[in-house]
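Engineer: What follows is my_file_19.csv; its format and atoms are CSV, C-alpha atoms.
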chain,number,residue,atom,x,y,z
K,710,MET,CA,-11.7,31.7,-19.7
K,711,LYS,CA,-8.3,32.6,-18.4
K,712,LEU,CA,-4.8,31.4,-19.4
K,713,ARG,CA,-2.7,30.3,-16.4
K,714,GLY,CA,0.6,28.7,-16.7
K,715,GLY,CA,0.1,28.0,-20.4
K,716,VAL,CA,-3.3,26.2,-19.7
K,717,TRP,CA,-6.8,27.6,-20.2
K,718,TRP,CA,-9.1,27.6,-17.2
K,719,ILE,CA,-12.8,27.5,-17.5
K,720,ASP,CA,-14.8,29.9,-15.4
K,721,PHE,CA,-18.6,30.6,-15.6
K,722,ILE,CA,-21.7,30.8,-13.5
K,723,ALA,CA,-24.1,27.9,-13.9
K,724,PRO,CA,-28.0,28.5,-14.1
K,725,ASP,CA,-28.4,27.4,-10.5
K,726,GLY,CA,-26.0,30.1,-9.4
K,727,THR,CA,-22.9,27.9,-8.7
K,728,ARG,CA,-19.6,28.9,-10.0
K,729,VAL,CA,-17.8,26.4,-12.3
K,730,ARG,CA,-14.0,26.7,-12.2
K,731,LYS,CA,-11.8,24.0,-13.6
K,732,SER,CA,-8.8,23.4,-15.8
K,733,SER,CA,-9.3,22.5,-19.4
K,734,ARG,CA,-6.0,20.7,-19.3
K,735,THR,CA,-5.1,22.2,-22.7
K,736,SER,CA,-3.2,25.1,-24.1
K,737,ASN,CA,-5.3,25.0,-27.3
K,738,PRO,CA,-7.8,27.9,-27.1
K,739,ARG,CA,-10.3,26.2,-29.5
K,740,ALA,CA,-10.3,22.9,-27.6
K,741,ALA,CA,-10.7,24.8,-24.3
K,742,GLN,CA,-13.6,26.8,-25.7
K,743,GLU,CA,-15.3,23.7,-26.9
K,744,LEU,CA,-15.1,22.2,-23.4
K,745,HIS,CA,-16.3,25.4,-21.9
K,746,ASP,CA,-19.4,25.4,-24.2
K,747,GLN,CA,-20.1,21.8,-23.5
K,748,LEU,CA,-20.0,22.2,-19.7
K,749,LYS,CA,-22.2,25.3,-19.9
K,750,ALA,CA,-24.7,23.5,-22.1
K,751,GLU,CA,-24.7,20.5,-19.7
K,752,SER,CA,-25.3,22.7,-16.7
K,753,TRP,CA,-28.3,24.3,-18.5
K,754,ARG,CA,-29.8,20.9,-19.3
K,755,VAL,CA,-29.4,19.8,-15.7
K,756,GLN,CA,-31.1,22.9,-14.4
K,757,HIS,CA,-33.9,23.3,-16.9
K,758,LEU,CA,-34.5,19.7,-18.2
K,759,GLY,CA,-33.7,17.7,-15.2
K,760,ASP,CA,-30.8,15.8,-16.8
K,761,LYS,CA,-28.2,14.3,-14.6
K,762,PRO,CA,-24.9,16.0,-14.8
K,763,VAL,CA,-22.3,14.1,-16.9
K,764,ARG,CA,-19.7,12.8,-14.5
K,765,LYS,CA,-16.2,11.8,-15.5
K,766,TRP,CA,-13.5,9.7,-14.0
K,767,ASP,CA,-11.6,12.8,-13.0
K,768,ASP,CA,-14.6,13.9,-10.9
K,769,ALA,CA,-14.8,10.6,-9.2
K,770,VAL,CA,-11.1,10.7,-8.3
K,771,VAL,CA,-11.5,14.1,-6.8
K,772,GLN,CA,-14.5,13.0,-4.8
K,773,TRP,CA,-12.8,9.8,-3.6
K,774,LEU,CA,-9.8,11.8,-2.3
K,775,LYS,CA,-12.0,14.2,-0.5
K,776,GLU,CA,-13.9,11.3,1.3
K,777,LYS,CA,-10.9,9.1,1.9
K,778,GLY,CA,-8.5,11.7,3.4
K,779,HIS,CA,-8.3,9.6,6.6
K,780,LYS,CA,-6.9,6.5,4.8
K,781,ALA,CA,-3.4,5.5,5.8
K,782,SER,CA,-2.8,4.3,2.3
K,783,LEU,CA,-4.0,7.5,0.6
K,784,GLU,CA,-0.6,8.2,-0.9
K,785,LYS,CA,-0.7,4.8,-2.6
K,786,ASP,CA,-4.2,5.6,-3.9
K,787,LYS,CA,-2.8,8.8,-5.5
K,788,GLU,CA,0.1,6.8,-7.0
K,789,ILE,CA,-2.5,4.4,-8.6
K,790,PHE,CA,-4.6,7.3,-9.9
K,791,ARG,CA,-1.6,9.0,-11.4
K,792,TRP,CA,-0.8,5.8,-13.3
K,793,ALA,CA,-4.5,5.3,-14.4
K,794,ASP,CA,-4.8,8.8,-15.6
K,795,ALA,CA,-3.3,7.9,-19.0
K,796,HIS,CA,-6.1,5.4,-19.5
K,797,LEU,CA,-9.1,7.0,-17.8
K,798,ARG,CA,-8.6,10.8,-17.8
K,799,GLY,CA,-11.6,12.5,-19.3
K,800,LYS,CA,-13.6,9.3,-19.6
K,801,VAL,CA,-17.4,9.6,-18.9
K,802,LEU,CA,-18.2,7.2,-16.1
K,803,SER,CA,-21.0,5.5,-18.2
K,804,ALA,CA,-18.5,4.9,-21.0
K,805,ILE,CA,-16.1,2.9,-18.8
K,806,ASP,CA,-16.8,-0.7,-19.7
K,807,ARG,CA,-15.2,-4.2,-19.1
K,808,PRO,CA,-13.1,-4.2,-22.4
K,809,LEU,CA,-11.5,-0.9,-21.3
K,810,LEU,CA,-10.8,-2.2,-17.8
K,811,HIS,CA,-9.4,-5.4,-19.3
K,812,ARG,CA,-6.9,-3.4,-21.4
K,813,ILE,CA,-5.9,-1.4,-18.2
K,814,LEU,CA,-5.4,-4.6,-16.3
K,815,GLU,CA,-3.3,-6.2,-19.0
K,816,ALA,CA,-1.2,-3.0,-19.3
K,817,LYS,CA,-0.4,-2.9,-15.6
K,818,ALA,CA,0.4,-6.6,-15.6
K,819,GLY,CA,2.9,-6.1,-18.3
K,820,ASP,CA,4.6,-3.4,-16.3
K,821,SER,CA,4.5,-4.9,-12.8
K,822,GLY,CA,3.0,-8.3,-12.7
K,823,GLN,CA,-0.5,-9.8,-12.1
K,824,ALA,CA,-0.6,-9.2,-8.3
K,825,THR,CA,0.1,-5.5,-8.7
K,826,ALA,CA,-2.4,-5.3,-11.6
K,827,ASN,CA,-5.1,-6.8,-9.3
K,828,ARG,CA,-4.4,-4.2,-6.6
K,829,TYR,CA,-4.7,-1.4,-9.1
K,830,MET,CA,-7.9,-2.8,-10.5
K,831,ALA,CA,-9.3,-3.2,-7.0
K,832,LEU,CA,-9.1,0.5,-6.4
K,833,ILE,CA,-10.5,1.4,-9.8
K,834,ARG,CA,-13.4,-0.9,-9.1
K,835,ALA,CA,-14.0,0.6,-5.7
K,836,VAL,CA,-14.2,4.1,-7.1
K,837,LEU,CA,-16.6,3.0,-9.8
K,838,ARG,CA,-18.8,1.1,-7.3
K,839,ARG,CA,-18.9,4.2,-5.0
K,840,ALA,CA,-19.8,6.4,-8.0
K,841,CYS,CA,-22.8,4.2,-8.7
K,842,GLU,CA,-24.0,3.0,-5.3
K,843,VAL,CA,-23.2,6.0,-3.1
K,844,TRP,CA,-22.9,9.1,-5.3
K,845,GLU,CA,-25.5,7.9,-7.8
K,846,TRP,CA,-23.5,9.4,-10.7
K,847,THR,CA,-23.9,6.4,-13.0
K,848,GLU,CA,-26.5,3.7,-13.5
K,849,ARG,CA,-24.2,0.7,-13.5
K,850,VAL,CA,-20.9,-0.7,-12.4
K,851,PRO,CA,-18.9,-2.6,-15.0
K,852,ARG,CA,-17.7,-6.0,-14.0
K,853,ALA,CA,-14.0,-5.5,-13.4
K,854,PRO,CA,-11.6,-8.2,-14.6
K,855,MET,CA,-9.1,-9.7,-12.2
K,856,PHE,CA,-6.3,-12.3,-12.5
K,857,ARG,CA,-6.8,-15.5,-10.5
K,858,ALA,CA,-5.1,-15.1,-7.2
K,859,GLN,CA,-2.0,-17.4,-6.9
K,860,SER,CA,-0.8,-18.8,-3.6
K,861,ARG,CA,2.8,-17.6,-3.1
K,862,ARG,CA,5.2,-18.7,-0.5
K,863,VAL,CA,6.2,-16.1,2.1
K,864,ARG,CA,9.5,-14.5,1.0
K,865,TRP,CA,12.0,-14.4,3.7
K,866,ILE,CA,15.8,-14.7,4.0
K,867,THR,CA,18.1,-16.7,6.2
K,868,VAL,CA,20.5,-15.1,8.8
K,869,GLU,CA,23.4,-15.8,6.5
K,870,GLU,CA,21.7,-14.1,3.6
K,871,SER,CA,20.8,-11.1,5.7
K,872,GLU,CA,24.3,-10.7,6.9
K,873,ARG,CA,25.6,-10.7,3.3
K,874,LEU,CA,23.0,-8.1,2.3
K,875,LEU,CA,23.9,-5.9,5.3
K,876,SER,CA,27.6,-6.0,4.3
K,877,LYS,CA,26.7,-4.5,0.8
K,878,LEU,CA,24.5,-1.6,2.1
K,879,PRO,CA,25.5,1.9,3.0
K,880,GLU,CA,25.8,2.4,6.7
K,881,HIS,CA,22.5,4.3,7.2
K,882,GLN,CA,20.5,1.7,5.2
K,883,ALA,CA,22.2,-1.2,7.0
K,884,GLU,CA,21.2,0.3,10.4
K,885,MET,CA,17.6,0.7,9.1
K,886,MET,CA,17.6,-2.9,7.9
K,887,ARG,CA,18.9,-4.2,11.3
K,888,PHE,CA,16.1,-2.3,13.1
K,889,ALA,CA,13.5,-3.6,10.7
K,890,LEU,CA,14.6,-7.2,11.3
K,891,ALA,CA,14.6,-6.7,15.0
K,892,THR,CA,11.1,-5.0,15.2
K,893,GLY,CA,9.1,-6.1,12.1
K,894,LEU,CA,8.1,-2.4,11.5
K,895,ARG,CA,6.9,-1.4,8.1
K,896,GLN,CA,9.1,0.8,5.9
K,897,ARG,CA,7.0,3.9,6.6
K,898,ASN,CA,7.3,3.5,10.4
K,899,VAL,CA,11.0,2.9,10.3
K,900,CYS,CA,11.7,5.9,8.0
K,901,ARG,CA,9.6,8.3,10.2
K,902,LEU,CA,10.6,7.0,13.6
K,903,GLN,CA,11.3,9.9,16.0
K,904,TRP,CA,13.3,10.0,19.2
K,905,LYS,CA,10.2,11.3,21.1
K,906,ASP,CA,8.4,8.0,20.3
K,907,LEU,CA,11.1,5.9,22.0
K,908,ASP,CA,11.7,4.9,25.6
K,909,LEU,CA,15.1,3.2,25.8
K,910,VAL,CA,14.7,2.6,29.6
K,911,ARG,CA,11.5,0.6,29.2
K,912,ARG,CA,12.8,-0.6,25.8
K,913,CYS,CA,9.7,0.3,23.9
K,914,ALA,CA,8.7,2.4,20.9
K,915,TRP,CA,5.2,3.6,19.8
K,916,VAL,CA,3.5,3.8,16.5
K,917,HIS,CA,0.7,6.3,16.8
K,918,PRO,CA,-2.8,5.6,15.2
K,919,ASP,CA,-2.2,8.2,12.4
K,920,GLN,CA,1.1,6.4,11.5
K,921,SER,CA,-0.4,2.9,11.6
K,922,LYS,CA,-1.8,1.1,8.5
K,923,THR,CA,-4.6,-0.2,10.7
K,924,ARG,CA,-5.2,3.2,12.4
K,925,LYS,CA,-4.5,1.6,15.8
K,926,ALA,CA,-1.6,2.4,18.1
K,927,ILE,CA,1.1,-0.2,18.3
K,928,ALA,CA,3.5,-0.7,21.2
K,929,VAL,CA,6.8,-2.0,19.8
K,930,PRO,CA,9.1,-4.0,22.1
K,931,LEU,CA,12.8,-3.3,21.5
K,932,ASN,CA,15.0,-6.3,21.8
K,933,VAL,CA,18.8,-6.1,22.3
K,934,ASP,CA,19.5,-5.8,18.6
K,935,ALA,CA,17.1,-2.9,18.2
K,936,VAL,CA,18.5,-1.1,21.3
K,937,ALA,CA,22.0,-1.6,19.9
K,938,VAL,CA,21.0,0.2,16.7
K,939,LEU,CA,19.5,3.1,18.6
K,940,GLU,CA,22.5,3.4,20.9
K,941,ARG,CA,24.7,3.8,17.9
K,942,LEU,CA,22.5,6.5,16.4
K,943,LYS,CA,21.8,8.5,19.5
K,944,GLY,CA,22.8,12.1,19.2
K,945,ARG,CA,23.1,12.2,15.4
K,946,HIS,CA,19.8,14.1,14.8
K,947,ALA,CA,17.6,15.9,17.2
K,948,GLU,CA,14.3,14.7,15.8
K,949,PHE,CA,14.6,11.7,13.5
K,950,VAL,CA,16.3,8.4,14.3
K,951,PHE,CA,17.3,7.3,10.8
K,952,THR,CA,19.0,10.1,8.7
K,953,TYR,CA,21.4,10.5,5.8
K,954,ASN,CA,23.4,13.7,5.4
K,955,ASP,CA,21.5,15.1,8.4
K,956,HIS,CA,18.1,14.7,6.7
K,957,ALA,CA,15.4,12.2,7.4
K,958,VAL,CA,15.3,9.1,5.1
K,959,TRP,CA,11.9,8.9,3.3
K,960,GLN,CA,12.7,6.2,0.8
K,961,VAL,CA,14.6,2.9,1.1
K,962,ASN,CA,14.0,1.4,-2.3
K,963,THR,CA,16.9,3.2,-3.7
K,964,LYS,CA,19.6,2.5,-6.3
K,965,SER,CA,22.0,1.4,-3.6
K,966,TRP,CA,19.4,-1.0,-2.1
K,967,ARG,CA,18.6,-2.6,-5.5
K,968,LYS,CA,22.3,-2.9,-6.3
K,969,ALA,CA,23.0,-4.6,-3.0
K,970,VAL,CA,20.1,-7.1,-3.4
K,971,ALA,CA,21.4,-7.9,-6.9
K,972,GLU,CA,25.0,-8.4,-5.8
K,973,VAL,CA,23.9,-10.8,-3.1
K,974,GLY,CA,21.8,-12.7,-5.6
K,975,LEU,CA,18.5,-12.4,-3.9
K,976,VAL,CA,15.6,-13.0,-6.3
K,977,ASP,CA,12.2,-11.3,-5.9
K,978,PHE,CA,13.2,-9.6,-2.6
K,979,ARG,CA,11.7,-6.3,-1.5
K,980,TRP,CA,12.2,-4.2,1.6
K,981,HIS,CA,8.8,-5.3,2.8
K,982,ASP,CA,10.1,-8.9,2.9
K,983,LEU,CA,12.2,-7.9,5.9
K,984,ARG,CA,8.9,-7.8,7.8
K,985,HIS,CA,8.1,-11.3,6.5
K,986,THR,CA,11.6,-12.4,7.6
K,987,TRP,CA,11.0,-11.0,11.1
K,988,ALA,CA,7.7,-12.8,11.4
K,989,SER,CA,9.1,-16.0,9.9
K,990,ARG,CA,12.0,-16.1,12.4
K,991,HIS,CA,9.6,-15.6,15.3
K,992,ALA,CA,7.5,-18.5,14.0
K,993,GLN,CA,10.6,-20.7,13.7
K,994,ALA,CA,11.7,-19.7,17.2
K,995,GLY,CA,8.3,-20.8,18.6
K,996,THR,CA,6.7,-17.4,19.3
K,997,PRO,CA,2.9,-18.0,19.4
K,998,LEU,CA,1.2,-16.6,16.3
K,999,ASN,CA,-1.2,-14.5,18.4
K,1000,VAL,CA,1.8,-12.8,20.0
K,1001,VAL,CA,3.4,-12.2,16.5
K,1002,GLN,CA,0.1,-10.6,15.5
K,1003,GLU,CA,0.1,-8.2,18.4
K,1004,MET,CA,3.7,-7.3,18.0
K,1005,GLY,CA,3.4,-6.8,14.3
K,1006,GLY,CA,0.2,-4.8,14.5
K,1007,TRP,CA,-1.8,-7.0,12.1
K,1008,ARG,CA,-5.5,-6.4,12.0
K,1009,SER,CA,-6.5,-10.1,12.1
K,1010,TYR,CA,-5.2,-13.5,13.2
K,1011,GLU,CA,-5.7,-14.7,9.6
K,1012,MET,CA,-2.9,-12.3,8.5
K,1013,VAL,CA,-0.3,-14.2,10.5
K,1014,LEU,CA,-1.5,-17.7,9.6
K,1015,ARG,CA,0.7,-17.6,6.5
K,1016,TYR,CA,3.7,-18.1,8.9
K,1017,SER,CA,2.1,-21.1,10.7
K,1018,HIS,CA,3.8,-23.7,8.5
K,1019,LEU,CA,7.2,-22.5,9.7
K,1020,SER,CA,6.6,-23.8,13.2
K,1021,ALA,CA,5.2,-27.2,14.2
K,1022,GLU,CA,6.3,-27.4,17.8
K,1023,HIS,CA,2.7,-26.9,19.0
K,1024,LEU,CA,1.6,-29.9,17.0
K,1025,LEU,CA,4.4,-32.3,18.1
K,1026,ASN,CA,2.5,-33.6,21.2
K,1027,HIS,CA,-0.5,-34.5,19.0
K,1028,ALA,CA,1.8,-36.2,16.4
K,1029,GLU,CA,3.4,-38.4,19.2
K,1030,ARG,CA,0.0,-39.9,20.1
K,1031,ILE,CA,0.2,-42.4,17.3
K,1032,ALA,CA,4.0,-42.9,17.5
K,1033,GLY,CA,4.9,-46.6,17.3
K,1034,SER,CA,1.4,-47.7,16.2
K,1035,ASN,CA,3.0,-49.0,12.9
K,1036,SER,CA,6.2,-50.2,14.5
K,1037,ARG,CA,8.0,-53.0,12.5
K,1038,GLY,CA,5.1,-52.9,10.0
K,1039,ALA,CA,2.5,-54.0,12.6
K,1040,VAL,CA,-1.0,-52.7,12.1
K,1041,PRO,CA,-2.8,-51.5,15.2
K,1042,GLN,CA,-5.7,-53.7,16.2
K,1043,SER,CA,-9.2,-52.3,16.5
K,1044,CYS,CA,-10.6,-52.3,20.0
K,1045,HIS,CA,-13.6,-54.1,18.7
K,1046,ASN,CA,-11.7,-57.1,17.4
Written as structure tokens, how would this file's structure read?
Structural biologist:
Amino acid sequence: MKLRGGVWWIDFIAPDGTRVRKSSRTSNPRAAQELHDQLKAESWRVQHLGDKPVRKWDDAVVQWLKEKGHKASLEKDKEIFRWADAHLRGKVLSAIDRPLLHRILEAKAGDSGQATANRYMALIRAVLRRACEVWEWTERVPRAPMFRAQSRRVRWITVEESERLLSKLPEHQAEMMRFALATGLRQRNVCRLQWKDLDLVRRCAWVHPDQSKTRKAIAVPLNVDAVAVLERLKGRHAEFVFTYNDHAVWQVNTKSWRKAVAEVGLVDFRWHDLRHTWASRHAQAGTPLNVVQEMGGWRSYEMVLRYSHLSAEHLLNHAERIAGSNSRGAVPQSCHN
């Protein structure tokens, strides 16, 4: 074993000739030696007795990250794993059961709410399922508890509310918000927008497949509001569109954003709700939902159906078909009478 950065590292050659190198995650030499001996004994039993290697949650996370390196949401996965580490680190996969998962679910719900807890549990469940069904590291998958999904209204703000919010934001964030309301782009795509991905003559921007959540390229039409923002920012930075103190902006959920939202009195409003606001305004203006889907880069039509209740123009002609049938209280006569 070797001491590196105050932590003991395990290093030995297994009976099958492979080299085992891993952190013991402890500065205690006795605890590190115990783990070293345990791992060495397990490798002997695997080689000579045919035992399956003992796999832990940590191993599953490493394997997941190796296989899912292409995921657009990989950074979110890492964030969830970092949070779950306090509950699952060092746990043998076969020892992870429903009561433990239920405690994890309740802990996250207490921190962030039931919807977020469900998203965290969905990833944990996916890792455990893959460990069982694909990697064959464990014999079973515990049934993961989930909160019952609740239908929530789409969170969007009025023009008046957005103007009040814009007035409270620093200039660079206000310009980013105006652009998000004009294009419907996700936070990541607004923050990382580069001048090379814009054509102001054709009034179009591009989100490349490796920048898109769906891994598909998106052509983004730029209306006059979006172009106005870009014209004001032209020449400020050679590479990135949205900057602060000559550096690209990588995070919008800042103290100044939260302060502005609170001062305006907006309840339960996130930056991502600007995208909902953009889609809602299109629906209210009569933009066909299939067009909203294409402009917003949604994977499926079902994703934009949540905005359908905001526009009823396409149903008006059908509603008019029975207009007057109950005029002055009269009941329409059947054609068979």
Engineer: Would you mind listing what lies within 7 Å of region 955-958 of chain K as a list of chain:residue names, with all atoms listed in the file counted and same-chain residues fewer than 6 positions away left out?
Structural biologist: K:Cys900, K:His946, K:Phe949
Engineer: Please compute the CA of Pro808 (chain K)-CA of Leu744 (chain K) distance, one decimal, in Å.
Structural biologist: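 Going from CA of Pro808 (chain K) over to CA of Leu744 (chain K), I get 26.5 Å.
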Engineer: Counting all atoms listed in the file, write as a PyMOL selection string all protein and nucleic acid residues lying at most 8 Å from (-6.9, 8.2, 12.1) in the file's frame.
Structural biologist: chain K and resi 779-781+918-919+924-925
Engineer: Quick one: of K:Ala840, K:Met885, K:Ala994, K:Leu1014, who's nearest to Ser803 (chain K), counting only C-alpha atoms?
Structural biologist: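 Smallest separation from Ser803 (chain K) among the options: K:Ala840.
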Engineer: Give the answer as one residue: which of K:Leu907, K:Ala824, K:Ile833, K:Leu774 has the shortest atom-to-atom distance to Leu797 (chain K), using only C-alpha atoms?
Structural biologist: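 Going through K:Leu907, K:Ala824, K:Ile833, K:Leu774 one by one, the smallest distance to Leu797 (chain K) is for K:Ile833.
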Engineer: Which residues come within 8 Å of region 710-719 of chain K, counting only C-alpha atoms, excluding same-chain residues fewer than 4 positions away, as a list in words?
Structural biologist: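 That gives Val729, Arg730, Lys731, Ser732, Ser733, Arg734, Thr735, Ser736, Asn737, Pro738, Ala741, Gln742 and His745 of chain K.
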Engineer: What does the distance between CA of Phe978 (chain K) and CA of Glu884 (chain K) come to in Å, to one decimal place?
Structural biologist: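 Computing the Euclidean distance for CA of Phe978 (chain K) and CA of Glu884 (chain K) yields 18.2 Å.
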Engineer: Find the axis-aligned box for region 733-749 of chain K, covering all its listed atoms and adding 8 Å on each side, and write its centre and edge lengths in Å to one decimal as lines of an AutoDock Vina configuration file.
Structural biologist:
center_x = -12.7
center_y = 24.3
center_z = -24.4
size_x = 35.0
size_y = 23.2
size_z = 26.2
Engineer: Out of K:Glu880, K:Asp908, K:Glu869, K:Glu848, which residue has the shortest atom-to-atom distance to Arg941 (chain K) when counting all atoms listed in the file?
Structural biologist: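 Going through K:Glu880, K:Asp908, K:Glu869, K:Glu848 one by one, the smallest distance to Arg941 (chain K) is for K:Glu880.
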Engineer: Report, in Å with one decimal, the straight-line distance from CA of Ala947 (chain K) to CA of Asp906 (chain K).
Structural biologist: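 It comes out at 12.5 Å.
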Engineer: Env of Arg967 (chain K): 10 Å cut, atoms = only C-alpha atoms, seq-sep filter 5 positions within chain, self excluded. Answer as a VMD selection string.
Structural biologist: chain K and resid 878 961 to 962 972 975 978 to 980
Engineer: So which one's closest to Glu845 (chain K), K:Arg857, K:Leu874, K:Asp720, K:Leu802? Using all atoms listed in the file, please.
Structural biologist: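 Going through K:Arg857, K:Leu874, K:Asp720, K:Leu802 one by one, the smallest distance to Glu845 (chain K) is for K:Leu802.
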Engineer: Nearest to Leu983 (chain K): which of K:Phe888, K:Tyr953, K:Phe856, K:Trp904 is it, counting all atoms listed in the file?
Structural biologist: K:Phe888
Engineer: With all atoms listed in the file counted and 12 Å as the cut-off, give the residues of region 841-909 of chain K in contact with region 1006-1010 of chain K, each with its shortest interatomic distance in Å and the pair that gives it, as a tab-separated table.
Structural biologist:
residue	atom	partner	partner_atom	distance
K:Thr892	CA	K:Gly1006	CA	10.9
K:Gly893	CA	K:Gly1006	CA	9.3
K:Leu894	CA	K:Gly1006	CA	8.8
K:Arg895	CA	K:Gly1006	CA	9.9
K:Asn898	CA	K:Gly1006	CA	11.7
